[in-house]
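Source file: upload00.cif (mmCIF, C-alpha atoms)
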data_run
loop_
_atom_site.label_atom_id
_atom_site.label_comp_id
_atom_site.auth_asym_id
_atom_site.auth_seq_id
_atom_site.Cartn_x
_atom_site.Cartn_y
_atom_site.Cartn_z
CA MET A 1 -25.82 84.13 -7.74
CA ASN A 2 -22.72 84.33 -9.89
CA ARG A 3 -21.04 81.58 -7.85
CA ALA A 4 -24.12 79.35 -8.03
CA ALA A 5 -24.31 79.96 -11.72
CA HIS A 6 -20.67 79.08 -12.03
CA HIS A 7 -21.14 75.71 -10.25
CA SER A 8 -24.11 74.90 -12.42
CA SER A 9 -22.38 75.87 -15.63
CA PRO A 10 -22.04 73.27 -18.42
CA ALA A 11 -18.24 73.13 -17.98
CA VAL A 12 -18.50 72.17 -14.29
CA ALA A 13 -21.23 69.62 -15.02
CA ALA A 14 -19.03 68.13 -17.73
CA ARG A 15 -16.08 67.81 -15.33
CA ILE A 16 -18.30 66.13 -12.73
CA ARG A 17 -19.61 63.66 -15.30
CA LYS A 18 -16.06 62.96 -16.43
CA ARG A 19 -15.01 62.30 -12.83
CA TYR A 20 -17.91 59.89 -12.30
CA VAL A 21 -17.14 58.10 -15.55
CA ALA A 22 -13.47 57.74 -14.54
CA GLU A 23 -14.48 56.35 -11.16
CA ARG A 24 -16.88 53.87 -12.75
CA ASN A 25 -14.27 52.79 -15.30
CA PHE A 26 -11.68 52.29 -12.57
CA ARG A 27 -14.12 50.17 -10.58
CA LEU A 28 -14.91 48.09 -13.67
CA LEU A 29 -11.20 47.73 -14.40
CA GLY A 30 -10.57 46.38 -10.89
CA LEU A 31 -13.51 43.99 -11.17
CA SER A 32 -12.25 42.80 -14.57
CA ALA A 33 -8.82 42.11 -13.09
CA VAL A 34 -10.35 40.02 -10.30
CA VAL A 35 -12.56 38.09 -12.75
CA PHE A 36 -9.63 37.50 -15.11
CA SER A 37 -7.47 36.19 -12.24
CA ALA A 38 -10.27 33.88 -11.11
CA LEU A 39 -10.74 32.56 -14.65
CA VAL A 40 -7.02 31.89 -15.06
CA LEU A 41 -6.92 30.08 -11.71
CA ALA A 42 -10.02 28.04 -12.63
CA PHE A 43 -8.50 27.15 -16.02
CA LEU A 44 -5.27 26.08 -14.34
CA LEU A 45 -7.05 23.90 -11.79
CA VAL A 46 -9.41 22.32 -14.33
CA SER A 47 -6.64 21.58 -16.86
CA MET A 48 -4.34 20.07 -14.22
CA THR A 49 -7.13 18.05 -12.64
CA SER A 50 -8.36 16.67 -15.97
CA ALA A 51 -4.83 15.71 -16.97
CA GLY A 52 -3.85 14.50 -13.51
CA VAL A 53 -6.80 12.17 -12.97
CA ASN A 54 -5.35 9.79 -15.54
CA GLY A 55 -2.10 9.79 -13.60
CA PHE A 56 -3.84 8.06 -10.71
CA ARG A 57 -4.82 5.17 -13.01
CA ARG A 58 -2.91 2.34 -14.62
CA ALA A 59 -3.63 -0.30 -17.25
CA GLU A 60 -4.42 -3.71 -15.76
CA VAL A 61 -5.34 -7.13 -17.13
CA ARG A 62 -7.90 -9.25 -15.33
CA PHE A 63 -7.88 -13.05 -15.41
CA PRO A 64 -8.71 -16.00 -13.10
CA LEU A 65 -6.05 -17.61 -10.92
CA ASP A 66 -6.45 -21.09 -9.48
CA LEU A 67 -4.99 -21.33 -5.96
CA THR A 68 -6.52 -24.69 -5.10
CA ALA A 69 -4.32 -27.39 -3.61
CA SER A 70 -4.18 -29.28 -6.90
CA GLN A 71 -2.56 -26.31 -8.64
CA PHE A 72 -0.72 -24.60 -5.78
CA PRO A 73 0.03 -26.95 -2.90
CA ILE A 74 1.32 -24.83 -0.02
CA ASP A 75 0.63 -24.76 3.69
CA PRO A 76 -1.54 -21.66 4.43
CA ARG A 77 0.47 -21.15 7.62
CA LEU A 78 3.53 -20.30 5.53
CA ALA A 79 1.61 -17.43 3.91
CA ALA A 80 1.06 -15.88 7.33
CA GLN A 81 4.76 -15.68 8.17
CA ALA A 82 6.88 -12.55 7.94
CA ASP A 83 8.69 -13.85 4.82
CA ALA A 84 5.45 -14.86 3.09
CA SER A 85 6.57 -13.40 -0.25
CA ALA A 86 9.73 -15.52 -0.28
CA GLN A 87 7.78 -18.63 0.72
CA LEU A 88 5.24 -18.09 -2.07
CA GLU A 89 7.99 -17.45 -4.59
CA ALA A 90 9.75 -20.67 -3.59
CA ALA A 91 6.44 -22.54 -3.97
CA GLY A 92 6.19 -21.40 -7.58
CA LEU A 93 3.74 -18.49 -7.46
CA PRO A 94 5.44 -16.52 -10.29
CA THR A 95 5.19 -19.54 -12.61
CA LEU A 96 1.58 -20.14 -11.60
CA VAL A 97 0.65 -16.54 -12.38
CA SER A 98 2.50 -16.66 -15.71
CA ASP A 99 0.79 -19.91 -16.77
CA ALA A 100 -2.66 -18.60 -15.78
CA ALA A 101 -2.02 -15.39 -17.73
CA THR A 102 -0.94 -17.37 -20.80
CA ASP A 103 -4.10 -19.49 -20.68
CA ALA A 104 -6.36 -16.45 -20.30
CA LEU A 105 -4.60 -13.82 -22.42
CA GLY A 106 -2.47 -15.76 -24.85
CA ALA A 107 1.29 -15.81 -25.01
CA ASP A 108 1.51 -12.27 -26.41
CA GLY A 109 -0.78 -10.88 -23.70
CA ALA A 110 1.01 -12.72 -20.90
CA ALA A 111 4.34 -11.37 -22.12
CA GLN A 112 3.09 -7.83 -21.47
CA ILE A 113 2.36 -8.35 -17.77
CA ASP A 114 4.77 -6.51 -15.51
CA SER A 115 7.58 -8.83 -14.39
CA SER A 116 6.97 -8.07 -10.69
CA ALA A 117 3.18 -8.28 -10.88
CA TRP A 118 3.15 -11.61 -9.05
CA ARG A 119 4.29 -9.76 -5.91
CA GLU A 120 0.91 -8.05 -5.74
CA VAL A 121 -0.72 -11.48 -5.67
CA ALA A 122 1.70 -12.50 -2.94
CA GLU A 123 0.77 -9.42 -0.89
CA LYS A 124 -2.93 -10.25 -1.22
CA ILE A 125 -2.33 -13.82 -0.08
CA ALA A 126 -0.19 -12.64 2.83
CA ASP A 127 -2.96 -10.25 3.90
CA ASP A 128 -5.64 -12.92 3.53
CA PRO A 129 -4.27 -16.51 3.63
CA SER A 130 -7.82 -17.81 3.24
CA LEU A 131 -7.46 -17.11 -0.50
CA LEU A 132 -5.36 -20.25 -0.73
CA GLY A 133 -7.52 -23.17 -1.83
CA ASN A 134 -9.84 -20.98 -3.93
CA LYS A 135 -10.11 -19.67 -7.46
CA ILE A 136 -9.76 -15.89 -7.48
CA ALA A 137 -9.75 -13.10 -10.06
CA VAL A 138 -6.63 -10.94 -10.14
CA SER A 139 -5.97 -7.58 -11.78
CA LEU A 140 -2.30 -7.05 -12.51
CA PRO A 141 -0.42 -4.16 -14.12
CA VAL A 142 0.88 -4.44 -17.64
CA THR A 143 4.03 -3.06 -19.18
CA GLY A 144 4.35 0.50 -20.35
CA ASP A 145 4.29 -0.68 -23.98
CA LEU A 146 0.83 -2.24 -23.67
CA ALA A 147 -0.41 0.75 -21.67
CA SER A 148 0.85 2.99 -24.46
CA GLY A 149 -1.01 0.82 -26.97
CA LEU A 150 -4.19 1.18 -24.95
CA ARG A 151 -3.61 4.91 -24.94
CA GLY A 152 -3.20 4.90 -28.74
CA GLY A 153 0.59 4.86 -28.94
CA ASP A 154 2.86 4.51 -31.97
CA SER A 155 3.18 0.70 -32.03
CA PRO A 156 0.53 -0.94 -34.28
CA ALA A 157 1.20 -4.34 -32.68
CA MET A 158 0.55 -3.01 -29.16
CA GLN A 159 -2.53 -1.15 -30.37
CA ALA A 160 -3.92 -4.34 -31.88
CA LEU A 161 -3.16 -6.39 -28.77
CA ALA A 162 -4.69 -3.74 -26.52
CA ALA A 163 -7.80 -3.57 -28.72
CA ARG A 164 -8.23 -7.37 -28.60
CA LEU A 165 -7.85 -7.59 -24.83
CA LYS A 166 -10.19 -4.65 -24.36
CA ARG A 167 -12.84 -6.28 -26.55
CA GLU A 168 -12.56 -9.40 -24.43
CA ASP A 169 -13.00 -7.22 -21.32
CA LYS A 170 -9.62 -8.31 -20.00
CA LEU A 171 -7.75 -4.99 -20.25
CA GLN A 172 -8.91 -1.78 -18.61
CA TRP A 173 -7.84 1.36 -16.83
CA ALA A 174 -8.10 1.01 -13.05
CA TRP A 175 -7.45 3.31 -10.10
CA ASP A 176 -3.95 2.91 -8.79
CA PRO A 177 -3.78 3.65 -5.05
CA GLY A 178 -0.22 2.32 -5.11
CA PHE A 179 0.85 5.52 -6.87
CA LEU A 180 0.97 7.13 -3.44
CA SER A 181 2.81 4.24 -1.79
CA ARG A 182 5.39 3.23 -4.43
CA SER A 183 8.68 4.89 -5.27
CA ASP A 184 10.13 6.02 -8.58
CA ALA A 185 10.59 3.53 -11.42
CA THR A 186 11.66 3.55 -15.05
CA ASP A 187 8.22 2.26 -16.15
CA PRO A 188 5.37 4.77 -15.71
CA GLN A 189 3.05 1.89 -14.84
CA ALA A 190 5.18 1.07 -11.79
CA ALA A 191 6.21 4.61 -10.85
CA GLY A 192 5.04 6.08 -7.56
CA ILE A 193 5.40 9.28 -5.60
CA TRP A 194 5.95 8.11 -2.01
CA ALA A 195 9.75 8.43 -1.93
CA ALA A 196 9.60 12.02 -3.23
CA LEU A 197 6.65 12.89 -0.97
CA LYS A 198 8.42 11.56 2.12
CA GLY A 199 11.60 13.36 1.06
CA SER A 200 9.64 16.62 0.77
CA MET A 201 8.16 16.12 4.24
CA LEU A 202 11.57 15.52 5.81
CA THR A 203 13.15 18.41 3.91
CA MET A 204 10.38 20.84 4.91
CA LEU A 205 10.66 19.71 8.53
CA VAL A 206 14.40 20.48 8.58
CA THR A 207 13.72 23.82 6.88
CA LEU A 208 11.07 24.79 9.43
CA LEU A 209 13.10 23.68 12.47
CA MET A 210 16.09 25.73 11.33
CA ALA A 211 14.57 28.80 9.67
CA PHE A 212 11.69 29.55 12.06
CA PRO A 213 13.49 29.82 15.44
CA ILE A 214 16.59 31.49 14.00
CA GLY A 215 14.53 33.93 11.93
CA VAL A 216 12.21 34.87 14.81
CA LEU A 217 15.05 35.30 17.31
CA SER A 218 16.95 37.43 14.79
CA ALA A 219 13.89 39.64 14.34
CA VAL A 220 13.43 39.95 18.10
CA TYR A 221 17.04 41.00 18.58
CA LEU A 222 16.96 43.53 15.75
CA GLU A 223 13.72 45.13 16.95
CA GLU A 224 14.04 44.92 20.72
CA TYR A 225 17.73 44.80 21.63
CA ALA A 226 20.03 45.86 18.77
CA PRO A 227 21.50 49.37 19.01
CA ARG A 228 20.74 51.76 16.16
CA ASN A 229 24.09 52.19 14.42
CA ARG A 230 25.70 51.57 11.06
CA TRP A 231 26.39 47.93 11.83
CA THR A 232 22.71 47.27 12.49
CA GLU A 233 21.69 49.19 9.38
CA TRP A 234 24.13 47.12 7.31
CA ILE A 235 22.62 43.90 8.69
CA GLU A 236 19.09 45.08 7.91
CA ILE A 237 20.03 46.00 4.34
CA SER A 238 21.75 42.64 3.87
CA ILE A 239 18.68 40.72 5.08
CA ASN A 240 16.41 42.70 2.74
CA ASN A 241 18.75 41.98 -0.17
CA LEU A 242 18.98 38.28 0.68
CA ALA A 243 15.18 37.96 0.40
CA ALA A 244 15.46 38.92 -3.29
CA VAL A 245 18.48 36.75 -4.20
CA PRO A 246 17.71 34.07 -6.86
CA SER A 247 17.22 30.65 -5.31
CA ILE A 248 19.99 29.01 -7.33
CA ILE A 249 22.51 31.19 -5.47
CA PHE A 250 21.48 29.50 -2.24
CA GLY A 251 21.97 26.17 -4.00
CA LEU A 252 25.53 27.16 -4.84
CA LEU A 253 26.04 28.20 -1.22
CA GLY A 254 24.72 24.86 0.01
CA LEU A 255 26.97 23.06 -2.45
CA ALA A 256 30.03 25.01 -1.34
CA VAL A 257 29.39 24.93 2.42
CA PHE A 258 27.16 22.07 3.52
CA LEU A 259 28.46 19.44 1.13
CA THR A 260 32.00 20.43 2.07
CA LEU A 261 31.19 19.89 5.75
CA PHE A 262 29.05 16.78 5.16
CA PRO A 263 30.27 15.16 1.93
CA ASN A 264 28.59 11.82 2.71
CA TYR A 265 25.10 13.36 2.93
CA ARG A 266 24.72 14.41 -0.68
CA SER A 267 21.04 14.50 -1.78
CA ALA A 268 19.92 13.96 1.83
CA PRO A 269 16.91 15.83 3.30
CA LEU A 270 19.25 17.26 5.95
CA ILE A 271 21.35 19.10 3.33
CA GLY A 272 18.28 20.07 1.31
CA GLY A 273 16.52 21.41 4.39
CA MET A 274 19.51 23.48 5.49
CA THR A 275 19.86 24.93 1.98
CA LEU A 276 16.18 25.89 1.82
CA ALA A 277 16.40 27.29 5.36
CA LEU A 278 19.00 29.79 4.15
CA MET A 279 16.57 30.91 1.45
CA THR A 280 13.53 31.04 3.76
CA MET A 281 15.15 32.74 6.75
CA PRO A 282 15.27 36.33 5.31
CA VAL A 283 11.54 36.19 4.52
CA ILE A 284 10.75 35.10 8.08
CA VAL A 285 13.03 37.77 9.57
CA ILE A 286 11.38 40.57 7.55
CA SER A 287 7.82 39.43 8.29
CA ALA A 288 8.60 38.86 11.98
CA ARG A 289 10.11 42.34 12.32
CA ASN A 290 7.04 43.92 10.73
CA ALA A 291 4.76 41.90 13.02
CA ILE A 292 6.75 42.94 16.10
CA LYS A 293 6.64 46.60 15.00
CA SER A 294 2.85 46.39 14.72
CA VAL A 295 2.47 45.61 18.46
CA PRO A 296 1.43 48.91 20.14
CA PRO A 297 4.10 50.49 22.38
CA SER A 298 1.50 50.73 25.13
CA ILE A 299 1.70 46.94 25.53
CA ARG A 300 5.40 47.18 26.32
CA ASP A 301 4.96 50.23 28.57
CA GLY A 302 2.14 48.59 30.52
CA ALA A 303 4.13 45.40 31.08
CA LEU A 304 7.20 47.33 32.20
CA ALA A 305 5.04 49.47 34.49
CA ILE A 306 3.85 46.45 36.47
CA GLY A 307 7.40 45.18 36.97
CA ALA A 308 7.95 42.78 34.06
CA SER A 309 11.52 42.34 32.90
CA ARG A 310 12.57 43.06 29.33
CA ILE A 311 12.61 39.39 28.37
CA GLN A 312 9.19 38.86 29.97
CA VAL A 313 7.80 41.74 27.95
CA VAL A 314 9.12 40.18 24.74
CA PHE A 315 8.15 36.55 25.29
CA HIS A 316 4.96 37.01 27.37
CA HIS A 317 3.40 39.95 25.54
CA VAL A 318 5.08 41.05 22.30
CA LEU A 319 5.69 37.67 20.65
CA PRO A 320 2.22 36.21 21.38
CA LEU A 321 0.62 39.30 19.84
CA ALA A 322 2.98 39.25 16.86
CA LEU A 323 2.70 35.50 16.27
CA PRO A 324 -0.11 35.66 13.65
CA GLY A 325 1.95 38.00 11.49
CA ILE A 326 5.05 35.87 11.99
CA LEU A 327 3.14 32.76 10.89
CA THR A 328 1.94 34.60 7.79
CA GLY A 329 5.53 35.25 6.76
CA THR A 330 6.43 31.67 7.57
CA ILE A 331 3.63 30.42 5.31
CA ILE A 332 4.97 32.51 2.43
CA GLY A 333 8.55 31.36 2.98
CA MET A 334 7.68 27.67 3.35
CA ALA A 335 5.41 27.75 0.30
CA ARG A 336 8.26 29.18 -1.75
CA ALA A 337 10.68 26.58 -0.37
CA LEU A 338 8.29 23.69 -1.12
CA GLY A 339 8.17 24.55 -4.80
CA GLU A 340 11.88 25.23 -5.32
CA THR A 341 13.87 23.00 -7.63
CA ALA A 342 17.08 24.83 -8.56
CA PRO A 343 18.77 24.81 -5.11
CA LEU A 344 18.04 21.11 -4.65
CA LEU A 345 19.38 20.25 -8.09
CA MET A 346 22.64 21.95 -7.15
CA ILE A 347 23.11 19.69 -4.10
CA GLY A 348 22.34 16.49 -6.01
CA MET A 349 18.73 15.78 -5.06
CA ARG A 350 17.94 14.67 -8.61
CA ALA A 351 19.18 11.10 -8.29
CA PHE A 352 16.96 8.14 -9.13
CA VAL A 353 15.72 6.98 -5.72
CA ALA A 354 13.92 3.63 -5.81
CA THR A 355 13.33 3.37 -2.05
CA PRO A 356 11.89 5.91 0.39
CA PRO A 357 14.43 7.63 2.67
CA ASP A 358 14.89 6.03 6.08
CA GLY A 359 15.76 9.31 7.78
CA PHE A 360 17.20 12.79 7.40
CA THR A 361 20.56 11.52 6.12
CA SER A 362 19.33 8.99 3.55
CA PRO A 363 19.46 9.75 -0.20
CA SER A 364 16.17 11.24 -1.30
CA SER A 365 14.31 13.22 -3.89
CA VAL A 366 11.55 15.79 -3.44
CA LEU A 367 8.28 16.43 -5.26
CA PRO A 368 9.38 19.42 -7.41
CA VAL A 369 12.49 17.59 -8.58
CA GLN A 370 10.48 14.41 -9.24
CA ILE A 371 8.03 16.42 -11.34
CA PHE A 372 10.94 18.02 -13.21
CA LEU A 373 12.51 14.65 -13.98
CA TRP A 374 9.25 13.04 -15.10
CA SER A 375 8.41 15.98 -17.35
CA ASP A 376 11.64 15.31 -19.25
CA GLU A 377 10.84 11.63 -19.91
CA ILE A 378 10.14 10.51 -23.47
CA ASP A 379 7.49 7.94 -22.50
CA ARG A 380 4.02 9.48 -22.82
CA GLY A 381 2.93 7.55 -19.75
CA PHE A 382 4.92 9.94 -17.59
CA VAL A 383 2.84 12.91 -18.80
CA ALA A 384 -0.16 11.79 -16.77
CA ARG A 385 2.04 10.80 -13.85
CA THR A 386 3.59 14.28 -13.89
CA SER A 387 0.16 15.92 -13.70
CA ALA A 388 -0.82 13.60 -10.85
CA ALA A 389 2.38 14.48 -8.99
CA ILE A 390 1.57 18.19 -9.42
CA ILE A 391 -1.84 17.57 -7.83
CA VAL A 392 -0.14 15.81 -4.91
CA LEU A 393 2.26 18.75 -4.54
CA LEU A 394 -0.63 21.23 -4.49
CA LEU A 395 -2.53 19.17 -1.93
CA PHE A 396 0.60 18.97 0.23
CA LEU A 397 0.94 22.75 -0.04
CA LEU A 398 -2.72 23.27 0.87
CA VAL A 399 -2.43 21.00 3.91
CA MET A 400 0.75 22.71 5.07
CA ASN A 401 -0.75 26.17 4.60
CA GLY A 402 -4.02 25.07 6.23
CA VAL A 403 -2.20 24.02 9.38
CA ALA A 404 -0.28 27.30 9.47
CA ILE A 405 -3.46 29.35 8.91
CA TYR A 406 -5.21 27.44 11.69
CA LEU A 407 -2.34 28.17 14.07
CA ARG A 408 -2.33 31.83 13.01
CA ASN A 409 -6.05 32.18 13.69
CA ARG A 410 -5.70 30.20 16.91
CA PHE A 411 -3.14 32.60 18.36
CA GLU A 412 -4.59 35.79 16.92
CA ARG A 413 -5.48 38.42 19.52
CA ARG A 414 -7.17 41.77 19.11
CA TRP A 415 -6.55 44.93 21.09
#
Mind turning this structure into structure tokens?
Amino acid sequence: MNRAAHHSSPAVAARIRKRYVAERNFRLLGLSAVVFSALVLAFLLVSMTSAGVNGFRRAEVRFPLDLTASQFPIDPRLAAQADASAQLEAAGLPTLVSDAATDALGADGAAQIDSSAWREVAEKIADDPSLLGNKIAVSLPVTGDLASGLRGGDSPAMQALAARLKREDKLQWAWDPGFLSRSDATDPQAAGIWAALKGSMLTMLVTLLMAFPIGVLSAVYLEEYAPRNRWTEWIEISINNLAAVPSIIFGLLGLAVFLTLFPNYRSAPLIGGMTLALMTMPVIVISARNAIKSVPPSIRDGALAIGASRIQVVFHHVLPLALPGILTGTIIGMARALGETAPLLMIGMRAFVATPPDGFTSPSSVLPVQIFLWSDEIDRGFVARTSAAIIVLLLFLLVMNGVAIYLRNRFERRW
């Protein structure tokens, strides 16, 4: 009775209520943290998307262009040749476009059309020579000054010109699919992301081809073959420390080693990929070792019991079972490498690249560096382009991670 009375005493009841309150508060605190993280992520995505949508648009003027024989006498067969652009230029297409723009927009409006805009007309004619002999409507990009005026820039003259052309329904914002197919330019209207995107693809491919096999084989040796001594312990400690080294240190290492060995490949995806592979490899080694450790010893013992050799046990049983965990570490390492800027700046991948790289040894830029350079531009037009490039980078990251997650789930096995 005394014990029962003790457990039902007000002091015990108060402690129980306090414990329940603490548990409820802790649960609410965890839920609040999850909600706060989701709100921050949603805010980030919404703000970047709203700002980046404008980066996929450009200011264009629309006016009629007379390609009839009386105005532009040229054999349609010439427009179907491989050098159609040169043939059309020799026939006077730039002058024809300039005169048509002057008639439709006035001299001040025609002066604000991009100097290479006629090439877009040439590409359309080359794709469809039947346009010759007809009157067509063309939409051509304007200069960054007029685009800034349409955006409400600092120049009153450009604002007035943009307002007039907009009232006449001759100037408008239009979707710019060429943003994904053009390379960098000094004018935000003509700038594109393809050279940096292709450079990122080539750089990530070099990183993966170097870091993944070397990292996995290193993990296999350390877990399955290496003797347990001070030398092995020193290697393990070094790998763990390398995973926490700032990325710029790897850039200095790439500058001192790779550019000394290959001085002619400065700012090439090959050098960038090898530098990022040094940074990614410790992460893959650590994750691969943990994945190999998680394979039950009974798998190894069973394989050895039926006569499998040591290498057969590793490559036929242990690695296939550890592969999902290895791919998880690879995803983390590659995602970090994709967003790195400092190591690539150290090896010179910040140059202005106006043409996409032809291969692994061609000068190139990458998406993070391109975003960094555009964010430092004075022209306001690059603000929207920077946001659009960030969206492209995120989509590239999602696609890369999606492929890795699919492969991880594809090879996942349960025991």
For CA of Phe179 (chain A) and CA of Tyr265 (chain A), determine how far apart the two atoms are, in Å to one decimal place.
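Between these atoms lies a distance of 27.3 Å.
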From the set A:Asp301, A:Glu340, A:Glu168, A:Asp184, which residue has the shortest atom-to-atom contact distance to Trp374 (chain A), counting all atoms listed in the file?
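Residue with the minimum atom-to-atom distance to Trp374 (chain A): A:Asp184.
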Applying 8 Å and all atoms listed in the file, which residues near Arg266 (chain A) remain after dropping the ones on its own chain fewer than 6 positions away? List them as a list in words.
Leu259, Ile347, Gly348, Met349 and Pro363 of chain A
As JSON: centre and edge lengths in Å, one decimal, of the axis-aligned box holding region 89-106 of chain A with 3 Å per side:
{"center_x": 1.7, "center_y": -18.2, "center_z": -14.2, "size_x": 22.1, "size_y": 14.7, "size_z": 27.3}
Report as JSON lines: every residue of region 103-208 of chain A with an atom at most 12 Å from region 318-334 of chain A, its closest pair of atoms, and their distance in Å to one decimal, counting only C-alpha atoms, with rows sorted by chain and ascending residue number.
{"residue": "A:Ser200", "atom": "CA", "partner": "A:Met334", "partner_atom": "CA", "distance": 11.5}
{"residue": "A:Met201", "atom": "CA", "partner": "A:Met334", "partner_atom": "CA", "distance": 11.6}
{"residue": "A:Thr203", "atom": "CA", "partner": "A:Met334", "partner_atom": "CA", "distance": 10.8}
{"residue": "A:Met204", "atom": "CA", "partner": "A:Met334", "partner_atom": "CA", "distance": 7.5}
{"residue": "A:Leu205", "atom": "CA", "partner": "A:Met334", "partner_atom": "CA", "distance": 10.0}
{"residue": "A:Val206", "atom": "CA", "partner": "A:Met334", "partner_atom": "CA", "distance": 11.1}
{"residue": "A:Thr207", "atom": "CA", "partner": "A:Met334", "partner_atom": "CA", "distance": 8.0}
{"residue": "A:Leu208", "atom": "CA", "partner": "A:Met334", "partner_atom": "CA", "distance": 7.5}
Pick out the closest residue to Ile214 (chain A) from this set: A:Ala342, A:Ala11, A:Leu278, A:Ala305. Count only C-alpha atoms.
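Result for the nearest residue to Ile214 (chain A): A:Leu278.
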Target residues per the PyMOL selection byres ((chain A and resi 148) around 9), formatted as a PyMOL selection string:
chain A and resi 143-147+149-155+158-159+162+379-381
Can you work out which one of A:Val34, A:Arg385, A:Leu28, A:Val285 has the shortest atom-to-atom distance to Arg58 (chain A), counting all atoms listed in the file?
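Result for the nearest residue to Arg58 (chain A): A:Arg385.
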Kindly give the distance, in Å, that separates CA of Ser116 (chain A) and CA of Leu67 (chain A), rounded to a single decimal.
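For CA of Ser116 (chain A) relative to CA of Leu67 (chain A), the distance reads 18.5 Å.
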Which of these, A:Arg408, A:Val245, A:Ile235, A:Pro188, has the shortest distance to Tyr221 (chain A) once you count all atoms listed in the file?
A:Ile235
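The space separating CA of Leu105 (chain A) from CA of Val53 (chain A) comes to 27.7 Å.
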Translate the PyMOL selection byres ((chain A and resi 350-360) around 10) into a concrete residue list for this structure, as a ChimeraX atom specification.
/A:181-186,191-199,202-203,205-206,265-273,341,344-349,361-366,368-370,372-373
Contacts of Ile286 (chain A) at 12 Å (all atoms listed in the file; same-chain gap of 3+ positions) as a VMD selection string:
chain A and resid 212 215 to 220 222 to 223 235 to 244 280 to 283 289 to 293 325 to 330 332 to 333
Nearest residue to Leu393 (chain A) out of A:Asp169, A:Gly133, A:Ile371, A:Val313, using only C-alpha atoms?
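For Leu393 (chain A), the nearest of the candidates is A:Ile371.
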Apply the PyMOL selection byres ((chain A and resi 115) around 12) to the displayed file and report the matching residues as a list in words.
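This file gives the following for the PyMOL selection byres ((chain A and resi 115) around 12): Pro94, Thr95, Val97, Ser98, Ala110, Ala111, Gln112, Ile113, Asp114, Ser116, Ala117, Trp118, Arg119, Glu120, Leu140, Pro141, Val142, Thr143, Gly144, Asp187, Gln189 and Ala190 of chain A.
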Can you pull out the residues contacting Leu252 (chain A)? Cut-off 8 Å, using only C-alpha atoms, and skip same-chain residues under 2 positions away; I want them as a ChimeraX atom specification.
/A:248-250,254-256,343,346-347
Counting all atoms listed in the file, what is within 12 Å of Leu78 (chain A), bar same-chain residues fewer than 6 positions away, as a PyMOL selection string?
chain A and resi 84-91+122+125-126+128-130+132
List as a list in words the protein and nucleic acid residues near Ser139 (chain A), meaning an atom at most 7 Å away when only C-alpha atoms are counted, but skip any in the same chain fewer than 6 places from it.
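The residues satisfying every condition are Glu60, Val61, Arg62 and Phe63 of chain A.
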